[in-house]
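Q: The structure that follows is given in the form of structure tokens.
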Amino acid sequence: MMAMVNLSLPAPAKSPSRPPPKLSSHTSVPLSVNRPVNFEPLRHRLIKHLDAGHLHKAISTLDVMASHNAHQDLVTYSLLLKACIRSRDFQLGKLVHCHLTESKLELDSVLFNSLISLYSKAGDWTKAREIFESMGNKRDLVSWSAMISCFANNKMSFEAILTFLYMLDNGFLPNEYCFTAVIRACSTSEFFPIGEIILGFLVKTGYLDFDTNVGCALIDMFVKGNSDLESAFKVFDKMPDRNVVAWTLMITRCTQLSYPSGAIELFVDMVLGGYMPDRFTLSGIISACTELESESLYLGKQLHSWVIRSGFASDVCIGCSLVDMYAKCTIDGSLDDSRRVFDRMENHNVMSWTAIITGYIQCGGRDMEAIELFCKMIEGPVPPNHFTFSSVLKACGNLSDSHTGEQFYAQAVKHGFASDDYVGNSLISMYAKSGRMDDAQKAFESLFEKNLDSYNTVVDAYAKNLDSEGAFELFHEISDFGVEVNAFTFTSLLSGASSIGAIGKGEQIHARLLKSGFQSNQCICNALISMYARCGHIEAAFQVFNEMGDRNVITWTSMITGFAKHGFAARALEIFHEMLKAGIRPNEITYIAVLSACSHAGLVSEGWEIFKSMHKEHEIAPRMEHYACMVDLLGRSGLLREAIEFINKMPCTPDALVWRTFLGACRVHHDKELGEHSAKMILQQDPHDTAAHILLSNLYASSGQWEDVARIRKNMKERNLIKEAGCSWIEVDNKIHRFHVADTSHPQVQEIYDKLDEMALKIKGLGYVPNTDFVLHELEEEQKEQFVFQHSEKIAVAFGLITTSRPKPIRVFKNLRVCGDCHTAIKYISMATGREIVLRDSNRFHHIKNGTCSCNDYW
């Protein structure tokens, strides 16, 4: 409709900065009351102002004439209205309407149509409809098109379609503008089926074969209404006259439907076809680079160069895309390039501020800088929008700083975003990440309108807080309300199941998503791989992997991580090399997974080779996690001197993670001297590091240095450092049963301890001897033996023996590293009972069967 109106408009008018004149104002020019006034010069002046684009001066002249009861003709009023519409100065347009009403002139269809267009673009569809209905038999095809377009623009799809049908009933045959408007109204999932019917009508008329606007509307209908990129391409290929707008639209829609490579191909075809990209094209193609999994930064930099050569370097829209691209695609995790683009932008809008703030949050570990940028933003002239507030609340959640988050939420309320879904959902997430689930639930309940995103946010919050029961209750609530769940809902539920090892719930979700038709969704398949792997069923994970047709870097990395955690290093390396052959570029997480696989299997030479290939072959600069993996690889292998030498040669200062990893290796290999050194280095960086105190205490305890143990424990008590209590759990009949050391709280406690006593006798007969070195308290030997046999993982295994049938593996999960004595005892239990026992601790999985473990006693 906009294109139709603009065809007969004059050149764009420039609006002066002074406010428009009021209708009641009168000129101060002295006029004689004794002689007639000649208004012809004023008419010429008005036309002259319009021709020059001086719209305010033209309206002032009209106001002078109106004060003396002299009015322009319909043609002049039509020119004035169209100039107001073109310059989007709707207040001036309404003022012209007032003059027109006072003139008592009988309006023709041209003026009526201009008034409909004016109020439509001003968002006042009620007034537009009132004018349309008052036209009577003066309605023409333009009037109907304008009204259909008005409803479509104001998201009133049903009214737009109904008006289109009324138009047909009144004997009007639609033209390209009518079709464009009604197709736009059908660009939703609800009205897409009607759009397909209109498409059949459209094909018969022949407009599809020559009109670019109709083609663009159809592309949007297929993409927005049905996520059907294939049909959109068919329409695009059928368009004989493609302009830059059509190319840009297709590029943008490819990116939005996660087909960035298609967007790149289109861009290349466009340029080779002789079309010159505009700022919208360049912004869209830079966004496509952001979504690419490989070579994204290389392409992005080339496009940045093109932007500069094309003279678009100062364009705010392109600047925002570049800020986002550099933030997401940087190889080393640095935001320097993104920040440079941001700082060099001459003008900032809310999009550029939000892009850089979001970039710092997504980078990881830069949330405080994001908050500082937000504070700087609100001191300036650009007010934040709901996306900005949503981002900064995420930063507060990542920092578990709910106090600051509440202050920012108060600001959001002041800015009028109290009822905004994005802000409300981010508030829920912020409370959840801060451990305040009660407040998260209250924030959810206080939402003005709960939609699927709201439910997904709180389901995800429960899942991340290891409350799978709460997550599943909400899932059933969503189903009861008839809300159709999406991929994110299933992904969150799978994450919740995997975090606690609830394979029964995971299998239920798998069955449900198969019924819902999500079995081919890449994101869900990745979550399924992770769920089965983390729940101890690695073969089920591999089956999902093998059945996937479209794998991305996350898919491959999830499978490598699964094999690594289960101790199948050879299979992990095999998948890694298959990934490289398939042309998938590994990322930082992939290398952490494959180095971890080498670490768990003691593959030192392979680990060194892979570590060196990171930067050499894929230009990935090692992060602290990669250095920690290498320290773990060397330390587990007993190469403590090589490990400390590696740490000392690191190009960056080793953080607490690296030293903590090394301290763990010192504890395993009983190297007190190096252990004390590493603990000292950790506590220099963070005197309140609980893990360092505990590892050093355990190192002293294993050497019988009880005075040193007591000193550390006293120091921890004085600093209020609390050791995480060991806990093991097992899922039986879709219910999680948790146990602590010497636990007697379970309803079946007598049966459990009877089974423990029975197992103790059996495995001692097979040669098991309790290793009391793992009792980290100063007790009598007999007490130590009793104590070690009441560890939480043994209790969980005993419960599994009395509640699960023989063919099924017993799957036990522990929040800490498995005790060495428990590892030995469970191997004997598997031999005595013929049962397979899968044990997941904080580091890895142990598949124990017939007295042997998949870790080969190396963990």
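Residues in the structure tokens are numbered from 1 in each chain, the chains being A, B, ... in the order shown, and ligands are numbered from 1 in the order shown.
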Fewer than 4 positions away in the same chain doesn't count, so skip those; otherwise give me all residues within 12 Å of Ser296 in chain A, counting only C-alpha atoms, as a ChimeraX atom specification.
A: /A:260-261,264,285-292,300-303,322,325-331,585
Q: Could those selected residues go to a file with N, CA, C and O atoms, as a compact mmCIF listing (two decimals), in the first residue's frame?
A:
# COMPACT_ATOMS: atom_id res chain seq x y z
N PRO A 260 22.35 -19.62 6.96
CA PRO A 260 23.27 -18.54 6.60
C PRO A 260 24.07 -18.82 5.34
O PRO A 260 24.39 -17.89 4.60
N SER A 261 24.40 -20.09 5.08
CA SER A 261 25.16 -20.40 3.87
C SER A 261 24.36 -20.04 2.63
O SER A 261 24.91 -19.57 1.63
N ILE A 264 24.63 -16.34 2.08
CA ILE A 264 25.92 -15.98 1.47
C ILE A 264 25.89 -16.26 -0.04
O ILE A 264 26.34 -15.44 -0.85
N ILE A 285 23.65 -9.39 5.43
CA ILE A 285 24.66 -10.41 5.12
C ILE A 285 25.71 -10.51 6.22
O ILE A 285 26.26 -11.58 6.48
N ILE A 286 25.99 -9.40 6.90
CA ILE A 286 26.90 -9.45 8.06
C ILE A 286 26.26 -10.29 9.16
O ILE A 286 26.93 -11.08 9.83
N SER A 287 24.94 -10.13 9.35
CA SER A 287 24.24 -10.96 10.34
C SER A 287 24.30 -12.43 9.96
O SER A 287 24.39 -13.31 10.83
N ALA A 288 24.25 -12.74 8.66
CA ALA A 288 24.37 -14.12 8.21
C ALA A 288 25.73 -14.70 8.58
O ALA A 288 25.84 -15.85 8.99
N CYS A 289 26.79 -13.89 8.45
CA CYS A 289 28.13 -14.33 8.83
C CYS A 289 28.18 -14.73 10.30
O CYS A 289 28.87 -15.68 10.68
N THR A 290 27.44 -14.00 11.11
CA THR A 290 27.41 -14.27 12.55
C THR A 290 26.89 -15.68 12.83
O THR A 290 27.28 -16.30 13.82
N GLU A 291 26.00 -16.18 11.96
CA GLU A 291 25.39 -17.48 12.19
C GLU A 291 26.19 -18.64 11.60
O GLU A 291 25.88 -19.79 11.86
N LEU A 292 27.20 -18.33 10.78
CA LEU A 292 28.00 -19.40 10.17
C LEU A 292 28.87 -20.07 11.22
O LEU A 292 29.36 -19.43 12.14
N GLY A 300 33.29 -12.06 7.52
CA GLY A 300 32.84 -10.82 8.16
C GLY A 300 33.82 -9.68 7.97
O GLY A 300 33.42 -8.53 7.71
N LYS A 301 35.11 -9.99 8.06
CA LYS A 301 36.12 -8.95 7.86
C LYS A 301 36.14 -8.46 6.41
O LYS A 301 36.34 -7.26 6.16
N GLN A 302 35.93 -9.38 5.47
CA GLN A 302 35.86 -8.96 4.06
C GLN A 302 34.68 -8.01 3.85
O GLN A 302 34.80 -7.00 3.15
N LEU A 303 33.55 -8.34 4.45
CA LEU A 303 32.36 -7.49 4.32
C LEU A 303 32.57 -6.15 5.00
O LEU A 303 32.09 -5.11 4.53
N LEU A 322 27.96 -5.18 12.72
CA LEU A 322 29.39 -5.46 12.88
C LEU A 322 29.76 -5.70 14.34
O LEU A 322 30.55 -6.58 14.66
N MET A 325 28.60 -9.14 15.06
CA MET A 325 29.39 -10.14 14.36
C MET A 325 30.73 -10.36 15.04
O MET A 325 31.14 -11.50 15.30
N TYR A 326 31.44 -9.29 15.36
CA TYR A 326 32.74 -9.43 16.01
C TYR A 326 32.61 -10.03 17.41
O TYR A 326 33.48 -10.78 17.86
N ALA A 327 31.52 -9.70 18.09
CA ALA A 327 31.32 -10.24 19.45
C ALA A 327 31.11 -11.75 19.42
O ALA A 327 31.61 -12.48 20.27
N LYS A 328 30.38 -12.24 18.39
CA LYS A 328 30.02 -13.66 18.35
C LYS A 328 31.05 -14.52 17.62
O LYS A 328 31.14 -15.72 17.87
N CYS A 329 31.80 -13.92 16.70
CA CYS A 329 32.66 -14.72 15.82
C CYS A 329 34.14 -14.66 16.18
O CYS A 329 34.93 -15.33 15.53
N THR A 330 34.52 -13.86 17.15
CA THR A 330 35.94 -13.73 17.45
C THR A 330 36.53 -15.08 17.87
O THR A 330 35.90 -15.85 18.60
N ILE A 331 37.72 -15.37 17.38
CA ILE A 331 38.33 -16.69 17.62
C ILE A 331 38.82 -16.83 19.05
O ILE A 331 38.63 -17.85 19.69
N ARG A 585 34.44 -27.44 11.41
CA ARG A 585 35.54 -26.80 12.14
C ARG A 585 35.30 -26.92 13.65
O ARG A 585 34.28 -26.45 14.15
Q: Name the residues in contact with range 829-843 of chain A at a cut-off of 6 Å, using only C-alpha atoms, excluding same-chain residues fewer than 3 positions from it; report them as JSON, numbers by chain.
A: {"A": [809, 810, 811, 812, 813, 814, 815, 816, 817, 818, 826, 846, 847, 848, 849, 850, 851]}
Q: With a cut-off of 10 Å, could you pull out the residues of range 153-249 of chain A touching range 275-281 of chain A and give me the nearest pair of atoms for each, distance in Å to one decimal, using only C-alpha atoms, ordered by chain and ascending number, as CSV?
A:
residue,atom,partner,partner_atom,distance
A:Arg242,CA,A:Tyr275,CA,9.5
A:Asn243,CA,A:Tyr275,CA,7.8
A:Val244,CA,A:Tyr275,CA,6.6
A:Val245,CA,A:Thr281,CA,8.2
A:Ala246,CA,A:Thr281,CA,10.0
A:Trp247,CA,A:Thr281,CA,7.9
A:Thr248,CA,A:Thr281,CA,4.9
A:Leu249,CA,A:Thr281,CA,8.2
Q: Save the residues we just selected, N, CA, C and O atoms, as an mmCIF file, in the first residue's frame?
A:
data_model
loop_
_atom_site.group_PDB
_atom_site.id
_atom_site.type_symbol
_atom_site.label_atom_id
_atom_site.label_comp_id
_atom_site.auth_asym_id
_atom_site.auth_seq_id
_atom_site.Cartn_x
_atom_site.Cartn_y
_atom_site.Cartn_z
ATOM 1 N N ARG A 242 13.827 -8.926 -10.339
ATOM 2 C CA ARG A 242 14.250 -8.811 -8.936
ATOM 3 C C ARG A 242 15.002 -7.508 -8.739
ATOM 4 O O ARG A 242 15.934 -7.218 -9.492
ATOM 5 N N ASN A 243 14.626 -6.773 -7.705
ATOM 6 C CA ASN A 243 15.371 -5.569 -7.374
ATOM 7 C C ASN A 243 16.170 -5.806 -6.093
ATOM 8 O O ASN A 243 16.149 -6.901 -5.521
ATOM 9 N N VAL A 244 16.872 -4.774 -5.641
ATOM 10 C CA VAL A 244 17.720 -4.906 -4.446
ATOM 11 C C VAL A 244 16.875 -5.276 -3.231
ATOM 12 O O VAL A 244 17.304 -6.044 -2.368
ATOM 13 N N VAL A 245 15.654 -4.744 -3.165
ATOM 14 C CA VAL A 245 14.760 -5.044 -2.037
ATOM 15 C C VAL A 245 14.458 -6.545 -1.990
ATOM 16 O O VAL A 245 14.498 -7.168 -0.920
ATOM 17 N N ALA A 246 14.171 -7.136 -3.148
ATOM 18 C CA ALA A 246 13.852 -8.568 -3.198
ATOM 19 C C ALA A 246 15.062 -9.419 -2.788
ATOM 20 O O ALA A 246 14.937 -10.375 -2.011
ATOM 21 N N TRP A 247 16.228 -9.091 -3.326
ATOM 22 C CA TRP A 247 17.457 -9.823 -2.948
ATOM 23 C C TRP A 247 17.709 -9.709 -1.443
ATOM 24 O O TRP A 247 18.020 -10.700 -0.777
ATOM 25 N N THR A 248 17.584 -8.494 -0.918
ATOM 26 C CA THR A 248 17.848 -8.265 0.509
ATOM 27 C C THR A 248 16.861 -9.029 1.372
ATOM 28 O O THR A 248 17.237 -9.618 2.401
ATOM 29 N N LEU A 249 15.593 -9.028 0.976
ATOM 30 C CA LEU A 249 14.573 -9.758 1.730
ATOM 31 C C LEU A 249 14.908 -11.242 1.795
ATOM 32 O O LEU A 249 14.860 -11.861 2.872
#
Q: For range 98-111 of chain A, work out the shell of residues within 6 Å, counting only C-alpha atoms and skipping chain neighbours fewer than 3 positions away, then give it as a list in words.
A: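 With the cut-off at 6 Å, the set is His71, Ser78, Leu95, Ser114 and Lys138 of chain A.
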Q: Find the residues near Phe611 in chain A: any atom within 8 Å, counting only C-alpha atoms, skip ones fewer than 2 places away on the same chain, and give them as a list in words.
A: Tyr591, Leu595, Gly607, Trp608, Glu609, Ser613, Met614, His626 and Met630 of chain A
Q: Since we have the selection now, will you write its residues out, keeping C-alpha atoms, as a PDB file, in the first residue's frame?
A:
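Once written, result-v3.pdb looks like this:
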ATOM      1  CA  TYR A 591      39.115 -29.267  22.027  1.00  0.00           C
ATOM      2  CA  LEU A 595      41.767 -33.287  25.463  1.00  0.00           C
ATOM      3  CA  GLY A 607      47.035 -35.070  23.869  1.00  0.00           C
ATOM      4  CA  TRP A 608      50.178 -33.078  23.074  1.00  0.00           C
ATOM      5  CA  GLU A 609      49.578 -33.494  19.335  1.00  0.00           C
ATOM      6  CA  SER A 613      47.060 -28.475  16.455  1.00  0.00           C
ATOM      7  CA  MET A 614      44.552 -26.064  18.019  1.00  0.00           C
ATOM      8  CA  HIS A 626      42.725 -26.058  27.645  1.00  0.00           C
ATOM      9  CA  MET A 630      46.924 -30.507  29.694  1.00  0.00           C
TER      10      MET A 630
END
Q: Of the candidates A:Trp729, A:Phe191, A:Tyr177, A:Phe799, which one gets nearest to Phe158 in chain A if we count only C-alpha atoms?
A: A:Phe191
Q: Considering only C-alpha atoms, state which residue in the set A:Leu674, A:Ala463, A:Cys216, A:Leu756 is at the smallest distance from Asp237 in chain A.
A: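 Using only C-alpha atoms, the shortest distance to Asp237 in chain A belongs to A:Cys216.
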Q: I need the residues of range 634-670 of chain A that end up classed as helix (DSSP H, G or I) by DSSP on the backbone, written out as a VMD selection string.
A: chain A and resid 634 to 636 640 to 648 656 to 668
Q: Would you mind listing what lies within 9 Å of Leu513 in chain A as a PDB file with N, CA, C and O atoms, in the first residue's frame, with only C-alpha atoms counted and same-chain residues fewer than 5 positions away left out?
A:
ATOM      1  N   ALA A 487      10.633 -26.543  20.700  1.00  0.00           N
ATOM      2  CA  ALA A 487      11.917 -27.241  20.862  1.00  0.00           C
ATOM      3  C   ALA A 487      12.613 -26.843  22.158  1.00  0.00           C
ATOM      4  O   ALA A 487      13.229 -27.677  22.829  1.00  0.00           O
ATOM      5  N   PHE A 490      11.360 -28.828  25.250  1.00  0.00           N
ATOM      6  CA  PHE A 490      11.918 -30.182  25.327  1.00  0.00           C
ATOM      7  C   PHE A 490      13.402 -30.153  25.676  1.00  0.00           C
ATOM      8  O   PHE A 490      13.877 -30.995  26.448  1.00  0.00           O
ATOM      9  N   GLN A 508      10.961 -40.711  28.758  1.00  0.00           N
ATOM     10  CA  GLN A 508       9.576 -40.243  28.619  1.00  0.00           C
ATOM     11  C   GLN A 508       9.503 -39.019  27.707  1.00  0.00           C
ATOM     12  O   GLN A 508       8.633 -38.910  26.836  1.00  0.00           O
ATOM     13  N   PHE A 518       9.207 -33.727  16.714  1.00  0.00           N
ATOM     14  CA  PHE A 518      10.460 -32.987  16.853  1.00  0.00           C
ATOM     15  C   PHE A 518      11.689 -33.883  16.675  1.00  0.00           C
ATOM     16  O   PHE A 518      12.799 -33.467  16.980  1.00  0.00           O
ATOM     17  N   GLN A 519      11.487 -35.110  16.205  1.00  0.00           N
ATOM     18  CA  GLN A 519      12.610 -36.053  16.165  1.00  0.00           C
ATOM     19  C   GLN A 519      13.732 -35.631  15.233  1.00  0.00           C
ATOM     20  O   GLN A 519      14.866 -36.082  15.383  1.00  0.00           O
ATOM     21  N   ILE A 524      17.164 -30.367  19.471  1.00  0.00           N
ATOM     22  CA  ILE A 524      16.641 -31.410  20.362  1.00  0.00           C
ATOM     23  C   ILE A 524      17.495 -32.672  20.280  1.00  0.00           C
ATOM     24  O   ILE A 524      17.786 -33.307  21.303  1.00  0.00           O
TER      25      ILE A 524
END
Q: Could you give me, as a PDB file with C-alpha atoms, in the first residue's frame, the residues within 8 Å of Ile85 in chain A, counting only C-alpha atoms and dropping anything in the same chain fewer than 5 positions from it?
A:
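What landed in part22.pdb:
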ATOM      1  CA  PHE A  90       1.004  12.857  10.773  1.00  0.00           C
ATOM      2  CA  GLY A  93      -1.677  15.815   8.156  1.00  0.00           C
ATOM      3  CA  SER A 117      -3.606   6.305   4.190  1.00  0.00           C
ATOM      4  CA  LEU A 118      -2.770   9.142   6.620  1.00  0.00           C
ATOM      5  CA  LYS A 121       0.174   5.080   8.812  1.00  0.00           C
TER       6      LYS A 121
END
Q: As a compact mmCIF listing (two decimals) with all heavy atoms, in the first residue's frame, please: the residues near Tyr753 in chain A (cut-off 9 Å, only C-alpha atoms, same-chain neighbours under 3 positions excluded).
A:
# COMPACT_ATOMS: atom_id res chain seq x y z
N THR A 744 20.25 -42.90 57.31
CA THR A 744 19.23 -43.80 57.86
C THR A 744 17.82 -43.22 57.66
O THR A 744 16.88 -43.64 58.32
CB THR A 744 19.47 -44.04 59.36
OG1 THR A 744 19.46 -42.77 60.04
CG2 THR A 744 20.78 -44.75 59.61
N GLN A 748 13.08 -47.50 53.46
CA GLN A 748 13.51 -48.90 53.35
C GLN A 748 14.91 -49.12 53.95
O GLN A 748 15.67 -49.98 53.51
CB GLN A 748 13.51 -49.33 51.87
CG GLN A 748 12.11 -49.38 51.25
CD GLN A 748 12.15 -49.68 49.77
OE1 GLN A 748 12.05 -48.78 48.94
NE2 GLN A 748 12.29 -50.96 49.42
N VAL A 749 15.22 -48.31 54.98
CA VAL A 749 16.58 -48.32 55.53
C VAL A 749 17.00 -49.71 56.02
O VAL A 749 18.16 -50.12 55.83
CB VAL A 749 16.71 -47.27 56.66
CG1 VAL A 749 15.77 -47.57 57.82
CG2 VAL A 749 18.14 -47.18 57.15
N GLN A 750 16.08 -50.46 56.63
CA GLN A 750 16.45 -51.77 57.17
C GLN A 750 16.84 -52.73 56.05
O GLN A 750 17.84 -53.44 56.13
CB GLN A 750 15.28 -52.34 57.98
CG GLN A 750 15.65 -53.61 58.76
CD GLN A 750 16.77 -53.36 59.77
OE1 GLN A 750 16.70 -52.44 60.60
NE2 GLN A 750 17.85 -54.15 59.70
N LEU A 756 23.48 -54.40 52.48
CA LEU A 756 24.88 -53.98 52.63
C LEU A 756 25.67 -55.04 53.39
O LEU A 756 26.79 -55.40 53.01
CB LEU A 756 24.96 -52.64 53.35
CG LEU A 756 24.97 -51.36 52.51
CD1 LEU A 756 25.02 -50.13 53.41
CD2 LEU A 756 26.15 -51.33 51.55
N ASP A 757 25.08 -55.53 54.51
CA ASP A 757 25.76 -56.56 55.31
C ASP A 757 25.96 -57.83 54.49
O ASP A 757 27.03 -58.47 54.54
CB ASP A 757 24.93 -56.88 56.56
CG ASP A 757 24.93 -55.74 57.56
OD1 ASP A 757 25.84 -54.88 57.46
OD2 ASP A 757 24.02 -55.68 58.41
N GLU A 758 24.93 -58.19 53.73
CA GLU A 758 25.03 -59.39 52.88
C GLU A 758 26.14 -59.23 51.85
O GLU A 758 26.95 -60.16 51.64
CB GLU A 758 23.68 -59.61 52.18
CG GLU A 758 23.65 -60.79 51.24
CD GLU A 758 22.40 -60.79 50.38
OE1 GLU A 758 21.34 -60.29 50.83
OE2 GLU A 758 22.48 -61.30 49.24
N GLN A 790 29.83 -47.40 54.76
CA GLN A 790 28.56 -46.67 54.80
C GLN A 790 28.63 -45.41 53.93
O GLN A 790 27.85 -44.47 54.12
CB GLN A 790 28.20 -46.30 56.25
CG GLN A 790 27.88 -47.51 57.11
CD GLN A 790 27.56 -47.14 58.55
OE1 GLN A 790 27.66 -45.99 58.95
NE2 GLN A 790 27.17 -48.14 59.34
N ILE A 795 25.58 -47.28 49.63
CA ILE A 795 24.17 -47.35 50.04
C ILE A 795 23.26 -47.29 48.82
O ILE A 795 22.28 -48.04 48.72
CB ILE A 795 23.84 -46.18 51.02
CG1 ILE A 795 24.69 -46.29 52.29
CG2 ILE A 795 22.36 -46.18 51.36
CD1 ILE A 795 24.53 -45.12 53.24
N ALA A 798 23.30 -50.61 47.04
CA ALA A 798 22.50 -51.60 47.77
C ALA A 798 21.02 -51.38 47.51
O ALA A 798 20.26 -52.35 47.31
CB ALA A 798 22.80 -51.49 49.27
N PHE A 799 20.59 -50.12 47.50
CA PHE A 799 19.18 -49.82 47.21
C PHE A 799 18.82 -50.26 45.79
O PHE A 799 17.74 -50.80 45.54
CB PHE A 799 18.91 -48.33 47.39
CG PHE A 799 17.49 -47.92 47.11
CD1 PHE A 799 16.47 -48.28 47.99
CD2 PHE A 799 17.16 -47.21 45.97
CE1 PHE A 799 15.14 -47.93 47.73
CE2 PHE A 799 15.85 -46.85 45.70
CZ PHE A 799 14.83 -47.21 46.59
Q: Between CA of Ser530 in chain A and CA of Asn486 in chain A, what distance in Å does the model show, to one decimal?
A: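 Between CA of Ser530 in chain A and CA of Asn486 in chain A the gap is 18.5 Å.
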